Number of protein chains: 2
Amino acid sequence: MLTEKELKEYSDNARATYLPHISIDCVVFGFHEGMLKVLLLNIKNETGWYLPGGFVLKDEPIELSANRILKERTGLDDIFLQQFHVFGDPQRSKEHFEMYKDMLPRAENWFTDRFLTIGYYALVDFYDAIPQPDIFSADCVWRDLNEVPELRLDHTLILKTALDTLRLQLNYQPIGYNLMPKEFTMPELQKLYETILDKKLDRRNFQRRMLGFGILKRSEKPRKGGAHKAPYLYSFDLENYKAALTEGFKGGW
Amino acid sequence: MLTEKELKEYSDNARATYLPHISIDCVVFGFHEGMLKVLLLNIKNETGWYLPGGFVLKDEPIELSANRILKERTGLDDIFLQQFHVFGDPQRSKEHFEMYKDMLPRAENWFTDRFLTIGYYALVDFYDAIPQPDIFSADCVWRDLNEVPELRLDHTLILKTALDTLRLQLNYQPIGYNLMPKEFTMPELQKLYETILDKKLDRRNFQRRMLGFGILKRSEKPRKGGAHKAPYLYSFDLENYKAALTEGFKGGW
DNA sequence: ATCAATAGTGTATTATTGACACAAGAGTAA
DNA sequence: TTACTCTTGTGTCAATAATACACTATTGAT
């Protein structure tokens, strides 16, 4: 929660800088040790967690806004971003309204305005991203999808909608490519699919089908060091991947 | 194009009534005589065509805005509406900016503001909708998809994006149900699928698959009056349809 | 009565999916 | 060094779904 002074300063600056009534919230997915992770923030002197978000500069394309916001949170450029929904319930920021309404008159107060928020999901390589809190937040951390608490505002809904979208777009967007590191094993990739789809897949059939798409290159060297049989390492054949996606991968999971 | 007086009146009223910088544009699809149709408007004293659109009341959920706008254009309540994309290029209304910038100072001039527009596609029963121009437009008409001219602003892009979305959602949204009249023949339904997918389908396999989904009820009486063998009439079994959609129809087209 | 156009139905072939079992490699512990 | 356990890699068979294709039936027009 902001102090009165911070609120005043932020509001004045925001009104001069950003489009009013419009915000962007990002669901940033990463994949680590077989788990889907989401980037969450908590605000100083507030309980509860938020998705990272921000506003649109008065003359900025919204795709750039989303990129800018995420660059600040992750240090990454050129993030894979996909717009998925606008949340437009007039009551969606009620919590902020209650929290800030007595600190500043409505006309000046940025946080008692109504905001439509544009939801983006982002896919990043977990190892490349370095979570960084913004000026108002104490922490910016990866949270396991299964351990995400109830979020503030409507951010739980936003997260859920992002996940549903991810599931539906699994055959049409380069989701594996953007979430996996450069090299990975087949079981790791399968884990990602299982996590997103929330169901078990048959190991052998998964491998057959994945290889059938012709989008994977097998590396010469297997992964070393594991306690068991060394799995092969794969990487995506980006050209084939993109070509295949324009058609969409046939069949469901 | 508005006169200076109209522009002034409209701007003053709009600023008092609507959220600034946000608009809604609707791609309204209908299906008639084997053709996909789109609802288009042309503005008095302007050449070129627009998609129907409008703005969001200051305290109105955006889904209601879209419904309200379409009720005015079609006379229909409870339209099937699906949000599909936000168009946020700062230059997207450049044409309006040029057209209106000298008529009123920017601070007052509603039509030289930047607008993010939320795209909705709507599916309506062609026979139920009665196209009605708004106060600024001379005509509101159905246009065959193949005969849509280049549209004003970025509306050609919006239409194209809506079509792509329709194609992708064919197995996940009740698209046939909302576009077809209560009763229809199998060849008519096939035509709809062929139009949306932009490819020919095999008559026999289409019928087998459609019936296999278990979402159609065959009426006792065939369609009378045709110049050839009378086809059976079908209607959707809404309950089964909805149940099937939660899973998505298996397989692609 | 014949023709042309459209609608309804069935079957054989092929491709895809799903279920399942065994062999191979890598560390571990006797 | 050997046996054991865990994990990965691969093959096969049966069921299912997709595809290609041909014939029959009905209607209005001539």
# chains A, B, ... in the order shown; residues from 1 in each chain; ligands from 1
>>> closest_atom_pairs(of="chain C", to="chain A", cutoff="10 Å", atoms="only C-alpha atoms (C1' of nucleotides)", output="CSV")
residue,atom,partner,partner_atom,distance
C:DT16,C1',A:Gly251,CA,9.0
C:DT17,C1',A:Asn205,CA,8.4
C:DG18,C1',A:Asn205,CA,8.0
C:DA19,C1',A:Asp202,CA,9.2
C:DA24,C1',A:Lys229,CA,8.2
C:DG25,C1',A:Lys229,CA,4.6
C:DA26,C1',A:His228,CA,4.5
C:DG27,C1',A:Ala227,CA,5.2
C:DT28,C1',A:Ala227,CA,9.3
>>> write_last_selection(atoms="C-alpha atoms (C1' of nucleotides)", output="mmCIF file, in the first residue's frame")
data_model
loop_
_atom_site.group_PDB
_atom_site.id
_atom_site.type_symbol
_atom_site.label_atom_id
_atom_site.label_comp_id
_atom_site.auth_asym_id
_atom_site.auth_seq_id
_atom_site.Cartn_x
_atom_site.Cartn_y
_atom_site.Cartn_z
ATOM 1 C "C1'" DT C 16 -3.656 -42.416 -36.263
ATOM 2 C "C1'" DT C 17 -4.207 -43.454 -31.511
ATOM 3 C "C1'" DG C 18 -3.945 -46.184 -27.424
ATOM 4 C "C1'" DA C 19 -2.395 -49.979 -24.744
ATOM 5 C "C1'" DA C 24 19.559 -50.983 -22.462
ATOM 6 C "C1'" DG C 25 22.305 -47.839 -19.673
ATOM 7 C "C1'" DA C 26 23.776 -45.751 -15.169
ATOM 8 C "C1'" DG C 27 24.419 -45.457 -10.571
ATOM 9 C "C1'" DT C 28 24.218 -48.186 -5.890
#
>>> residues_around(residues="region 34-42 of chain B", least_positions_apart="2", cutoff="6 Å", atoms="only C-alpha atoms (C1' of nucleotides)", output="short mmCIF file (atom, residue, chain, number, x, y, z; two decimals) with N, CA and C atoms, in the first residue's frame")
data_model
loop_
_atom_site.label_atom_id
_atom_site.label_comp_id
_atom_site.auth_asym_id
_atom_site.auth_seq_id
_atom_site.Cartn_x
_atom_site.Cartn_y
_atom_site.Cartn_z
N VAL B 28 -20.02 -8.54 -37.04
CA VAL B 28 -21.27 -9.28 -36.91
C VAL B 28 -21.41 -10.22 -38.10
N PHE B 29 -21.41 -11.51 -37.81
CA PHE B 29 -21.53 -12.50 -38.88
C PHE B 29 -22.96 -13.01 -38.97
N GLY B 30 -23.41 -13.19 -40.20
CA GLY B 30 -24.67 -13.87 -40.46
C GLY B 30 -24.44 -14.85 -41.59
N PHE B 31 -25.39 -15.73 -41.81
CA PHE B 31 -25.22 -16.74 -42.85
C PHE B 31 -26.50 -16.81 -43.66
N HIS B 32 -26.37 -16.62 -44.98
CA HIS B 32 -27.57 -16.55 -45.81
C HIS B 32 -27.26 -17.06 -47.20
N TRP B 49 -16.42 2.17 -45.81
CA TRP B 49 -17.27 1.43 -44.88
C TRP B 49 -16.56 1.15 -43.57
N TYR B 50 -17.38 1.01 -42.53
CA TYR B 50 -16.89 0.72 -41.18
C TYR B 50 -17.59 -0.51 -40.61
N LEU B 51 -16.93 -1.10 -39.65
CA LEU B 51 -17.62 -2.06 -38.80
C LEU B 51 -18.45 -1.29 -37.79
N SER B 137 -24.77 7.32 -39.70
CA SER B 137 -24.55 6.51 -40.90
C SER B 137 -25.76 6.53 -41.81
N ALA B 138 -25.48 6.45 -43.09
CA ALA B 138 -26.55 6.45 -44.09
C ALA B 138 -27.12 5.05 -44.27
N ASP B 139 -26.23 4.04 -44.23
CA ASP B 139 -26.67 2.67 -44.44
C ASP B 139 -26.05 1.73 -43.43
N CYS B 140 -26.79 0.69 -43.13
CA CYS B 140 -26.27 -0.43 -42.36
C CYS B 140 -26.73 -1.67 -43.09
N VAL B 141 -25.80 -2.39 -43.67
CA VAL B 141 -26.20 -3.48 -44.57
C VAL B 141 -25.35 -4.74 -44.38
N TRP B 142 -25.94 -5.86 -44.76
CA TRP B 142 -25.19 -7.11 -44.84
C TRP B 142 -24.36 -7.11 -46.11
N ARG B 143 -23.11 -7.49 -45.99
CA ARG B 143 -22.26 -7.63 -47.18
C ARG B 143 -21.68 -9.02 -47.20
N ASP B 144 -21.70 -9.60 -48.37
CA ASP B 144 -21.08 -10.90 -48.53
C ASP B 144 -19.59 -10.81 -48.22
N LEU B 145 -19.09 -11.79 -47.49
CA LEU B 145 -17.67 -11.77 -47.09
C LEU B 145 -16.73 -11.59 -48.28
N LYS B 191 -22.03 -26.09 -45.91
CA LYS B 191 -21.62 -24.86 -46.60
C LYS B 191 -21.02 -23.86 -45.61
#
>>> closest_atom_pairs(of="chain D", to="chain A", cutoff="9 Å", atoms="only C-alpha atoms (C1' of nucleotides)", output="tab-separated table")
residue	atom	partner	partner_atom	distance
D:DC6	C1'	A:His228	CA	6.2
D:DT7	C1'	A:His228	CA	5.4
D:DT8	C1'	A:Lys229	CA	5.8
D:DG9	C1'	A:Pro231	CA	8.5
D:DT10	C1'	A:Arg204	CA	8.2
>>> write_last_selection(atoms="N, CA and C atoms (P, O5', C5', C4', C3', O3' and C1' of nucleotides)", output="mmCIF file, in the first residue's frame")
data_model
loop_
_atom_site.group_PDB
_atom_site.id
_atom_site.type_symbol
_atom_site.label_atom_id
_atom_site.label_comp_id
_atom_site.auth_asym_id
_atom_site.auth_seq_id
_atom_site.Cartn_x
_atom_site.Cartn_y
_atom_site.Cartn_z
ATOM 1 P P DC D 6 13.310 -48.690 -7.322
ATOM 2 O "O5'" DC D 6 13.513 -47.480 -8.325
ATOM 3 C "C5'" DC D 6 14.585 -46.557 -8.120
ATOM 4 C "C4'" DC D 6 14.992 -45.988 -9.459
ATOM 5 C "C3'" DC D 6 13.806 -45.568 -10.333
ATOM 6 O "O3'" DC D 6 13.851 -44.169 -10.506
ATOM 7 C "C1'" DC D 6 15.466 -46.753 -11.576
ATOM 8 P P DT D 7 12.634 -43.381 -11.219
ATOM 9 O "O5'" DT D 7 13.191 -43.204 -12.706
ATOM 10 C "C5'" DT D 7 14.418 -42.501 -12.907
ATOM 11 C "C4'" DT D 7 14.872 -42.745 -14.322
ATOM 12 C "C3'" DT D 7 13.826 -42.407 -15.370
ATOM 13 O "O3'" DT D 7 14.298 -41.335 -16.160
ATOM 14 C "C1'" DT D 7 14.866 -44.491 -15.809
ATOM 15 P P DT D 8 13.374 -40.705 -17.299
ATOM 16 O "O5'" DT D 8 14.043 -41.345 -18.598
ATOM 17 C "C5'" DT D 8 15.437 -41.178 -18.841
ATOM 18 C "C4'" DT D 8 15.823 -42.064 -20.000
ATOM 19 C "C3'" DT D 8 15.010 -41.808 -21.265
ATOM 20 O "O3'" DT D 8 15.894 -41.541 -22.343
ATOM 21 C "C1'" DT D 8 15.048 -44.120 -20.736
ATOM 22 P P DG D 9 15.297 -41.177 -23.780
ATOM 23 O "O5'" DG D 9 15.312 -42.583 -24.500
ATOM 24 C "C5'" DG D 9 16.556 -43.165 -24.898
ATOM 25 C "C4'" DG D 9 16.283 -44.411 -25.723
ATOM 26 C "C3'" DG D 9 15.338 -44.170 -26.900
ATOM 27 O "O3'" DG D 9 15.925 -44.679 -28.080
ATOM 28 C "C1'" DG D 9 14.541 -45.956 -25.529
ATOM 29 P P DT D 10 15.236 -44.431 -29.440
ATOM 30 O "O5'" DT D 10 14.387 -45.759 -29.616
ATOM 31 C "C5'" DT D 10 15.060 -47.020 -29.614
ATOM 32 C "C4'" DT D 10 14.065 -48.156 -29.698
ATOM 33 C "C3'" DT D 10 13.009 -48.040 -30.813
ATOM 34 O "O3'" DT D 10 12.978 -49.265 -31.499
ATOM 35 C "C1'" DT D 10 12.006 -48.587 -28.789
#
>>> atom_distance(atom1="CA of Ile215 (chain A)", atom2="CA of Pro181 (chain A)")
15.2 Å
>>> interface_residues(of="chain A", to="chain B", cutoff="7 Å", atoms="only C-alpha atoms", output="list in words")
Asp59, Glu60, Pro61, Ile62, Gly88, Asp89, Pro90, Lys250, Gly251 and Gly252 of chain A
>>> write_last_selection(atoms="C-alpha atoms", output="CSV table (one decimal), in the first residue's frame")
chain,number,residue,atom,x,y,z
A,59,ASP,CA,1.7,7.1,-27.5
A,60,GLU,CA,2.9,3.5,-27.1
A,61,PRO,CA,1.6,0.4,-28.9
A,62,ILE,CA,0.2,-1.9,-26.3
A,88,GLY,CA,-13.8,-5.0,-18.0
A,89,ASP,CA,-15.9,-5.4,-15.0
A,90,PRO,CA,-16.4,-2.0,-13.4
A,250,LYS,CA,-3.1,-32.3,-35.8
A,251,GLY,CA,-5.2,-34.1,-33.2
A,252,GLY,CA,-5.8,-33.5,-29.6
>>> select_by_dssp(residues="region 65-194 of chain A", states="strand (DSSP E)", output="PyMOL selection string")
chain A and resi 80-87+116-123+137-144
